[in-house]
Structure formats: C-alpha cells, structure tokens
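Everything on this sheet refers to the single structure shown next.
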Amino acid sequence: MPQKVYIETVGCQMNVLDSELVVGALRRHGYALTDTPADADVLLFNTCSVREHAEDKTYSALGRVRHVKRRNPDAVIGVLGCMAQKDQDAVRRRAPFVDLVVGTGQLAEVPALVDKVRATREPQLAVSLGRADAGRHEVEASFVSYDPARDPSMRPTPFQAYVRIQIGCDKFCTYCVVPSTRGPEQSRPPEHIWAEVRQLVDQGCKEVTLLGQTVNSYAYQRGESRTRLSDLIAGMHDTPGLERVKFVTNYPKDMTDDLLDAVRELPKVVKYLHVPVQSGCDEVLRRMKRNYTAAYYVEMLARCRERVPGVAVTSDFIVGFCGETEESYRKTADLVRAARFKNSFIFKYSERPGTKAAGRYPDDVPDEVKKRRNNDLLAIQTENSRLDHRAQVGSTVEVLVEGPSRHGERVAGPVRQLTGRTMTDHIVVFDGSDRLIGQTVRVAVTDASPFTLYGDVEPASRERERPEDATPVAHAPGSPGRFPLPLA
Ligand code: 5AD
Ligand code: SF4
C-alpha cells in the first residue's frame with residue numbers, strides 16, 4: 001500500500017501552484033493522494049497570512065486533524081507556506097503536534113523533511129532568512145523558486161495551468177505581509193518559463209496563467225538585454241497548441257504601454273487585467289504606500305481601455321484601513337461607482353503584526369464600520385457587475401469549457417450544465433455534453449446575472465460533441481477546485 005498524502009490549501013493562486021508542485025514531488029516519492037484526512041499518513045496545510053481570518057482557518061483545520069495522530073502515531077502533520085515562514089514559532093506553540101514547518105522558499109525540501117521526521121520523530125523546521133536579518137543577496141538566495149517538472153494530475157484542470165514567472169515582492173505596501181512571507185522580488189529567466197510552457201502544452205495544457213505578486217513588474221536582465229512581461233508573452237505566444245495566456249496580479253504603476261499593446265495585438269492573450277487600486281482616497285493610498293494617487297489610477301484605467309478596446313478590468317479594495325474616515329471611504333465608493341470594474345474583491349483591513357502599518361498606525365476603524373463599508377461597496381460593485389454582464393446579452397462569446405458547473409456536478413447524464421470563461425474572463429454557464437470540456441466553443445449569450453453569463457452553444461460547436469473529437473478528462477481526487485480562487 002502506498003503512503004497517502006492529504007493537502008489543504010488556502011490563499012492565492014500562488015499557493016494552489018505550490019501545493020500542486022509539492023504533491024507532484026511526493027507522488028514521485030511513491031505517495032498517493034487522498035481527500036480523507038483520517039486515511040492520510042502525511043497531512044499538509046499550505047497556508048496564507050494575508051489576513052487574520054486565513055490564519056484562523058488553518059488553526060481550526062489543524063485542530064480538526066489532531067486526532068489522526070492518536071490513531072496513527074506515525075502520521076506527519078506539516079504547515080507549509082506563508083504562515084510557516086512568518087510565524088514558525090507561533091505555529092509550534094499553538095499547535096505543538098505539528099511535525100513540519102516549511103516556508104515558501106523551502107518547499108522543494110518537503111519530501112526529504114517528511115522522511116527525516118519519520119526517521120527521527122523530531123520536528124523539522126525549514127524557513128528562509130528574514131528580510132531584516134541579512135543582506136539582500138543572502139535573503140534572495142534563501143527564497144528558492146520551486147518549479148520542478150510539472151505533474152498534470154494535480155492541476156485545476158488538465159488543460160489549464162499556473163506558471164510562476166516571479167517570486168516575492170519589493171513594493172512593501174504598509175498593510176501587506178507578502179514581502180516578508182515570499183521574500184524579495186526575483187524574476188525567473190525567460191528560457192525557463194518558455195520551456196515550462198512548452199512542457200505544459202505537450203502535456204495537453206491549452207491555457208497558462210502567469211503568476212507574480214506584481215506580475216507586470218517582471219523584468220529579466222542579462223547583460224544588455226532586458227526581457228519585459230510583454231517580451232516574455234510574445235516569446236511564448238506562438239507555441240503550437242497554446243490557446244490562451246493570462247497574467248495576474250498587476251501593479252498600477254507598472255502598467256506600461258508595451259504590455260497593453262501586447263494584450264491588444266496578440267490574439268491568444270486574454271483581454272482581462274486585474275489591477276488592484278485598494279482605495280480611492282489619496283491620503284489612504286499614501287499611508288498604504290501604494291505610490292500613486294486616485295487620479296493616476298483613473299488615468300491608467302482609461303489608458304488600458306483606450307489601448308485595449310473591450311478589455312475587462314477587475315480590482316481589489318481594502319476598507320477600514322487605519323485612519324479611513326467617512327470622507328475617505330466616500331472617495332473609494334465614488335471611484336468604484338465610476339470605474340465600472342467587471343468585478344472587485346473587497347476586504348476588511350486586517351492588521352498584520354510586523355508590517356509597517358501595524359507599527360505606525362492604530363487599527364482605528366471599528367469592525368462594524370468596516371463591515372458596513374464592505375457591504376456598501378459590494379452593493380455598488382454588484383450593480384456595476386450586473387450592468388457589465390447585461391451588456392453582453394445578445395453577443396456570441398468564445399468559451400474555454402472548464403467542466404461541470406456546481407449545479408452540473410450534481411447531475412449525471414449525457415447533457416448537463418457546464419461552465420467556462422470567455423476571452424475577457426467572464427464566467428459562462430450553458431448546457432452541453434462532457435465531451436466539450438477542454439474545448440473552445442462559441443456560446444450565444446441569452447441572459448446574465450451580476451457574475452455569470454448564461455447562453456446556448458452554437459450548433460457548429462455542438463458538432464464537436466461527436467465522440468471522435470472527444471478529449472478524455474481526468475480529475476485527480478483532491479485536486480484544487482476548478483474555480484480559480486479570489487486572489488488571496
Ligand atoms: N488586510 C486586508 N486585506 C489585505 N490585502 C492584503 N493585505 C491585506 C490586509 N492586511 C488584500 C489586498 C490585496 C489582496 C490580495 O488582499 O487588497 O490586493
Ligand atoms: Fe502586498 Fe501586492 Fe503591495 Fe506587494 S504589491 S506589498 S503583494 S499588496
């Protein structure tokens with residue numbers, strides 16, 4: 001019987017990718033994946049520290065699996081990722097039964113560390129140097145980009161994959177833990193990324209999503225030659241078999257025209273930009289150290305729309321940041337109303353120990369006020385999302401079919417409800433046969449809700465449901481959800 005590994009992932013796409021890579025490595029070590037913690041010999045929790053709520057979720061999950069060790073004393077419980085990097089001691093204090101604490105830069109060592117716990121029954125800790133503790137080069141070297149050969153069985157779907165192009169972040173927004181949990185910004189060499197994309201496409205992948213905390217800051221310098229994100233994308237664009245290229249998350253100040261021109265000109269690039277603004281108030285933006293004003297962002301947004309006609313833009317917001325007055329909140333609400341984002345992810349400010357904001361500014365907006373602003377902003381955005389989605393009714397869109405919708409998952413039959421995304425990242429739901437999964441079909445949009453389009457597959461696309469054109473689709477048990485998570 002092979003040893004079994006169970007993994008839970010919270011947080012952003014970067015974490016989903018890290019979990020895929022860790023499980024891939026363990027499988028090569030002879031492990032099988034299980035989705036039942038009680039059956040597992042190794043239980044891993046890949047964690048997020050961006051808000052306190054995410055950390056609480058991990059501590060409760062750890063509490064729930066503690067009993068596994070009573071029945072199976074050889075079981076290994078591990079905490080991976082951002083919380084491991086940031087709070088190694090706290091994790092061991094609050095959950096002393098944890099055997100393994102592995103930071104974001106040491107994930108390649110997981111199989112060896114599991115073996116070591118097994119051999120010694122001693123807890124194992126592997127984390128990177130803190131940014132305050134050493135020089136940049138030493139800290140950089142301790143955060144290793146972990147991108148081994150890809151294992152197709154752990155991906156959200158067999159035809160979609162995340163590709164890391166950059167690790168870390170150098171922006172140091174005052175509220176954010178990421179620069180300390182993921183270390184200094186480092187761009188991967190373009191040749192490595194192109195080779196990885198070719199390998200993924202050989203494995204049947206049709207869509208790649210390039211990941212970076214500030215993905216559009218990507219730059220790789222070798223001698224005189226500098227590769228920007230636009231060059232990187234152009235360099236992979238003509239890979240035969242590759243159909244779509246996306247990239248997240250963008251930093252407003254680094255949205256250069258060469259990138260927007262690439263998005264417009266290159267047909268495989270999804271016409272969708274996630275560019276978080278965080279607040280519409282200059283004073284709040286200054287305290288957040290975002291390095292731009294609301295007016296700058298609004299101009300950048302206009303430039304995106306002018307250079308890439310039809311582009312869909314989404315954003316993130318933090319409400320209730322330190323010192324956010326009603327007047328500052330009103331400016332954010334005005335920006336959301338006017339900006340017409342396709343969607344926004346809205347978060348209540350969560351003070352993170354160790355960040356500049358935690359040291360400098362009191363977390364002085366009461367939770368009820370944060371909640372009220374959150375709901376209010378959500379209502380404004382939902383109305384805009386409704387208008388954005390309604391505007392597509394009557395059009396025909398190209399959809400990469402991802403799989404059954406949540407409703408379709410509960411139905412077995414030749415035709416059920418499927419879901420996929422358009423070239424502007426709109427979610428579309430329609431009826432079709434499973435044979436369409438993994439294909440690009442044309443869907444006539446007949447109806448819309450604020451976050452979903454509904455429609456009918458065009459007859460020409462339905463032709464492809466014939467068995468001879470079918471691509472078999474396998475989903476690994478416990479593979480991360482098909483629905484991309486909100487960004488952290
Ligand atoms: N509190 C609340 N939201 C946060 N984010 C980052 N740090 C915090 C925090 N301390 C949000 C930002 C970011 C998204 C990924 O998470 O909006 O864009
Ligand atoms: Fe955090 Fe993003 Fe700011 Fe980097 S750019 S510090 S990841 S919010």
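Note on naming: chains are A, B, ... as they come in the structure tokens, residues start from 1 per chain, ligands start from 1 in the order shown.
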- request: For ligand 1, list the contacting residues at 9 Å or closer, counting only C-alpha atoms and all ligand atoms, as a ChimeraX atom specification.
  value: /A:11-12,49-52,173-178,213,249,275-278,315-321,345-352,355,357,486-488
message: Need the shell around Ser405 in chain A: protein/DNA/RNA residues with any atom at most 7 Å away, counting only C-alpha atoms. Skip same-chain ones fewer than 4 positions apart. Format as number ranges by chain?
response: A: 409, 417-419
Dump all heavy atoms for the selected residues as an mmCIF file, in the first residue's frame?
data_model
loop_
_atom_site.group_PDB
_atom_site.id
_atom_site.type_symbol
_atom_site.label_atom_id
_atom_site.label_comp_id
_atom_site.auth_asym_id
_atom_site.auth_seq_id
_atom_site.Cartn_x
_atom_site.Cartn_y
_atom_site.Cartn_z
ATOM 1 N N GLU A 409 -22.328 19.457 -11.476
ATOM 2 C CA GLU A 409 -21.572 18.414 -10.765
ATOM 3 C C GLU A 409 -22.495 17.434 -10.065
ATOM 4 O O GLU A 409 -22.142 16.296 -9.807
ATOM 5 C CB GLU A 409 -20.646 19.051 -9.718
ATOM 6 C CG GLU A 409 -19.291 19.373 -10.284
ATOM 7 C CD GLU A 409 -18.398 20.119 -9.303
ATOM 8 O OE1 GLU A 409 -18.869 20.512 -8.215
ATOM 9 O OE2 GLU A 409 -17.217 20.301 -9.653
ATOM 10 N N GLN A 417 -25.131 20.952 -16.974
ATOM 11 C CA GLN A 417 -24.704 22.345 -17.010
ATOM 12 C C GLN A 417 -23.177 22.414 -16.910
ATOM 13 O O GLN A 417 -22.573 21.853 -16.004
ATOM 14 C CB GLN A 417 -25.351 23.093 -15.854
ATOM 15 C CG GLN A 417 -25.338 24.582 -16.074
ATOM 16 C CD GLN A 417 -26.030 25.309 -14.945
ATOM 17 O OE1 GLN A 417 -25.602 25.241 -13.801
ATOM 18 N NE2 GLN A 417 -27.108 26.002 -15.272
ATOM 19 N N LEU A 418 -22.590 23.109 -17.880
ATOM 20 C CA LEU A 418 -21.132 23.266 -17.907
ATOM 21 C C LEU A 418 -20.776 24.728 -17.656
ATOM 22 O O LEU A 418 -21.620 25.619 -17.801
ATOM 23 C CB LEU A 418 -20.587 22.857 -19.281
ATOM 24 C CG LEU A 418 -20.881 21.431 -19.743
ATOM 25 C CD1 LEU A 418 -20.343 21.213 -21.155
ATOM 26 C CD2 LEU A 418 -20.293 20.398 -18.783
ATOM 27 N N THR A 419 -19.496 24.955 -17.318
ATOM 28 C CA THR A 419 -19.050 26.326 -17.125
ATOM 29 C C THR A 419 -17.697 26.536 -17.803
ATOM 30 O O THR A 419 -16.931 25.587 -17.981
ATOM 31 C CB THR A 419 -18.981 26.689 -15.621
ATOM 32 O OG1 THR A 419 -18.526 28.031 -15.495
ATOM 33 C CG2 THR A 419 -18.036 25.783 -14.857
#
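Taking only C-alpha atoms into account, Arg340 in chain A lies nearest to A:Ser385 out of the set A:Arg421, A:Val441, A:Tyr296, A:Ser385.
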message: Give me, as a PyMOL selection string, all polymer residues having an atom no more than 8 Å from Glu20 in chain A, counting only C-alpha atoms and skipping those fewer than 6 positions away in the same chain.
response: chain A and resi 151+154-155
Would you save the residues from that selection as a PDB file, in the first residue's frame, using all heavy atoms?
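Result file selection.pdb:
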ATOM      1  N   ASP A 151       3.526  17.973 -13.002  1.00  0.00           N
ATOM      2  CA  ASP A 151       2.740  16.742 -12.948  1.00  0.00           C
ATOM      3  C   ASP A 151       1.290  17.100 -13.299  1.00  0.00           C
ATOM      4  O   ASP A 151       0.631  17.807 -12.548  1.00  0.00           O
ATOM      5  CB  ASP A 151       2.832  16.187 -11.520  1.00  0.00           C
ATOM      6  CG  ASP A 151       1.960  14.968 -11.312  1.00  0.00           C
ATOM      7  OD1 ASP A 151       1.093  14.694 -12.162  1.00  0.00           O
ATOM      8  OD2 ASP A 151       2.150  14.296 -10.284  1.00  0.00           O
ATOM      9  N   MET A 154      -2.309  17.072 -10.886  1.00  0.00           N
ATOM     10  CA  MET A 154      -2.723  17.889  -9.748  1.00  0.00           C
ATOM     11  C   MET A 154      -3.267  19.254 -10.158  1.00  0.00           C
ATOM     12  O   MET A 154      -3.487  20.110  -9.333  1.00  0.00           O
ATOM     13  CB  MET A 154      -1.521  18.103  -8.822  1.00  0.00           C
ATOM     14  CG  MET A 154      -1.483  17.192  -7.627  1.00  0.00           C
ATOM     15  SD  MET A 154      -2.987  17.244  -6.645  1.00  0.00           S
ATOM     16  CE  MET A 154      -2.786  18.812  -5.797  1.00  0.00           C
ATOM     17  N   ARG A 155      -3.442  19.469 -11.452  1.00  0.00           N
ATOM     18  CA  ARG A 155      -3.835  20.808 -11.871  1.00  0.00           C
ATOM     19  C   ARG A 155      -5.333  21.023 -11.718  1.00  0.00           C
ATOM     20  O   ARG A 155      -6.097  20.061 -11.724  1.00  0.00           O
ATOM     21  CB  ARG A 155      -3.440  21.011 -13.316  1.00  0.00           C
ATOM     22  CG  ARG A 155      -1.945  21.172 -13.466  1.00  0.00           C
ATOM     23  CD  ARG A 155      -1.623  21.987 -14.664  1.00  0.00           C
ATOM     24  NE  ARG A 155      -1.751  21.231 -15.886  1.00  0.00           N
ATOM     25  CZ  ARG A 155      -0.792  20.457 -16.353  1.00  0.00           C
ATOM     26  NH1 ARG A 155       0.338  20.325 -15.698  1.00  0.00           N
ATOM     27  NH2 ARG A 155      -0.960  19.811 -17.478  1.00  0.00           N
TER      28      ARG A 155
END
message: Just want the 8 Å neighbourhood of Thr209 in chain A, counted on only C-alpha atoms, with same-chain residues fewer than 5 positions away dropped. Output as a PyMOL selection string.
response: chain A and resi 160-163+245-248
Which residues are near Val397 in chain A? Cut-off 7 Å, only C-alpha atoms, ignore same chain within fewer than 6 positions. Put them as a short mmCIF file (atom, residue, chain, number, x, y, z; two decimals) with N, CA, C and O atoms, in the first residue's frame.
data_model
loop_
_atom_site.label_atom_id
_atom_site.label_comp_id
_atom_site.auth_asym_id
_atom_site.auth_seq_id
_atom_site.Cartn_x
_atom_site.Cartn_y
_atom_site.Cartn_z
N THR A 422 -14.74 33.32 -20.89
CA THR A 422 -14.58 33.98 -22.18
C THR A 422 -13.17 34.57 -22.28
O THR A 422 -12.40 34.52 -21.32
N ARG A 442 -18.33 28.30 -29.14
CA ARG A 442 -18.98 29.61 -29.25
C ARG A 442 -20.34 29.52 -28.58
O ARG A 442 -21.11 28.58 -28.81
N VAL A 443 -20.60 30.49 -27.70
CA VAL A 443 -21.85 30.48 -26.94
C VAL A 443 -22.58 31.79 -27.20
O VAL A 443 -22.00 32.88 -27.08
N ALA A 444 -23.86 31.67 -27.57
CA ALA A 444 -24.71 32.86 -27.74
C ALA A 444 -25.27 33.21 -26.36
O ALA A 444 -25.91 32.39 -25.71
#
message: Let me make sure I understand: among A:Gly432, A:Gly310, A:Gly455, A:Pro362, which one has the smallest atom-to-atom distance to Gly403 in chain A if we use only C-alpha atoms?
response: A:Gly432
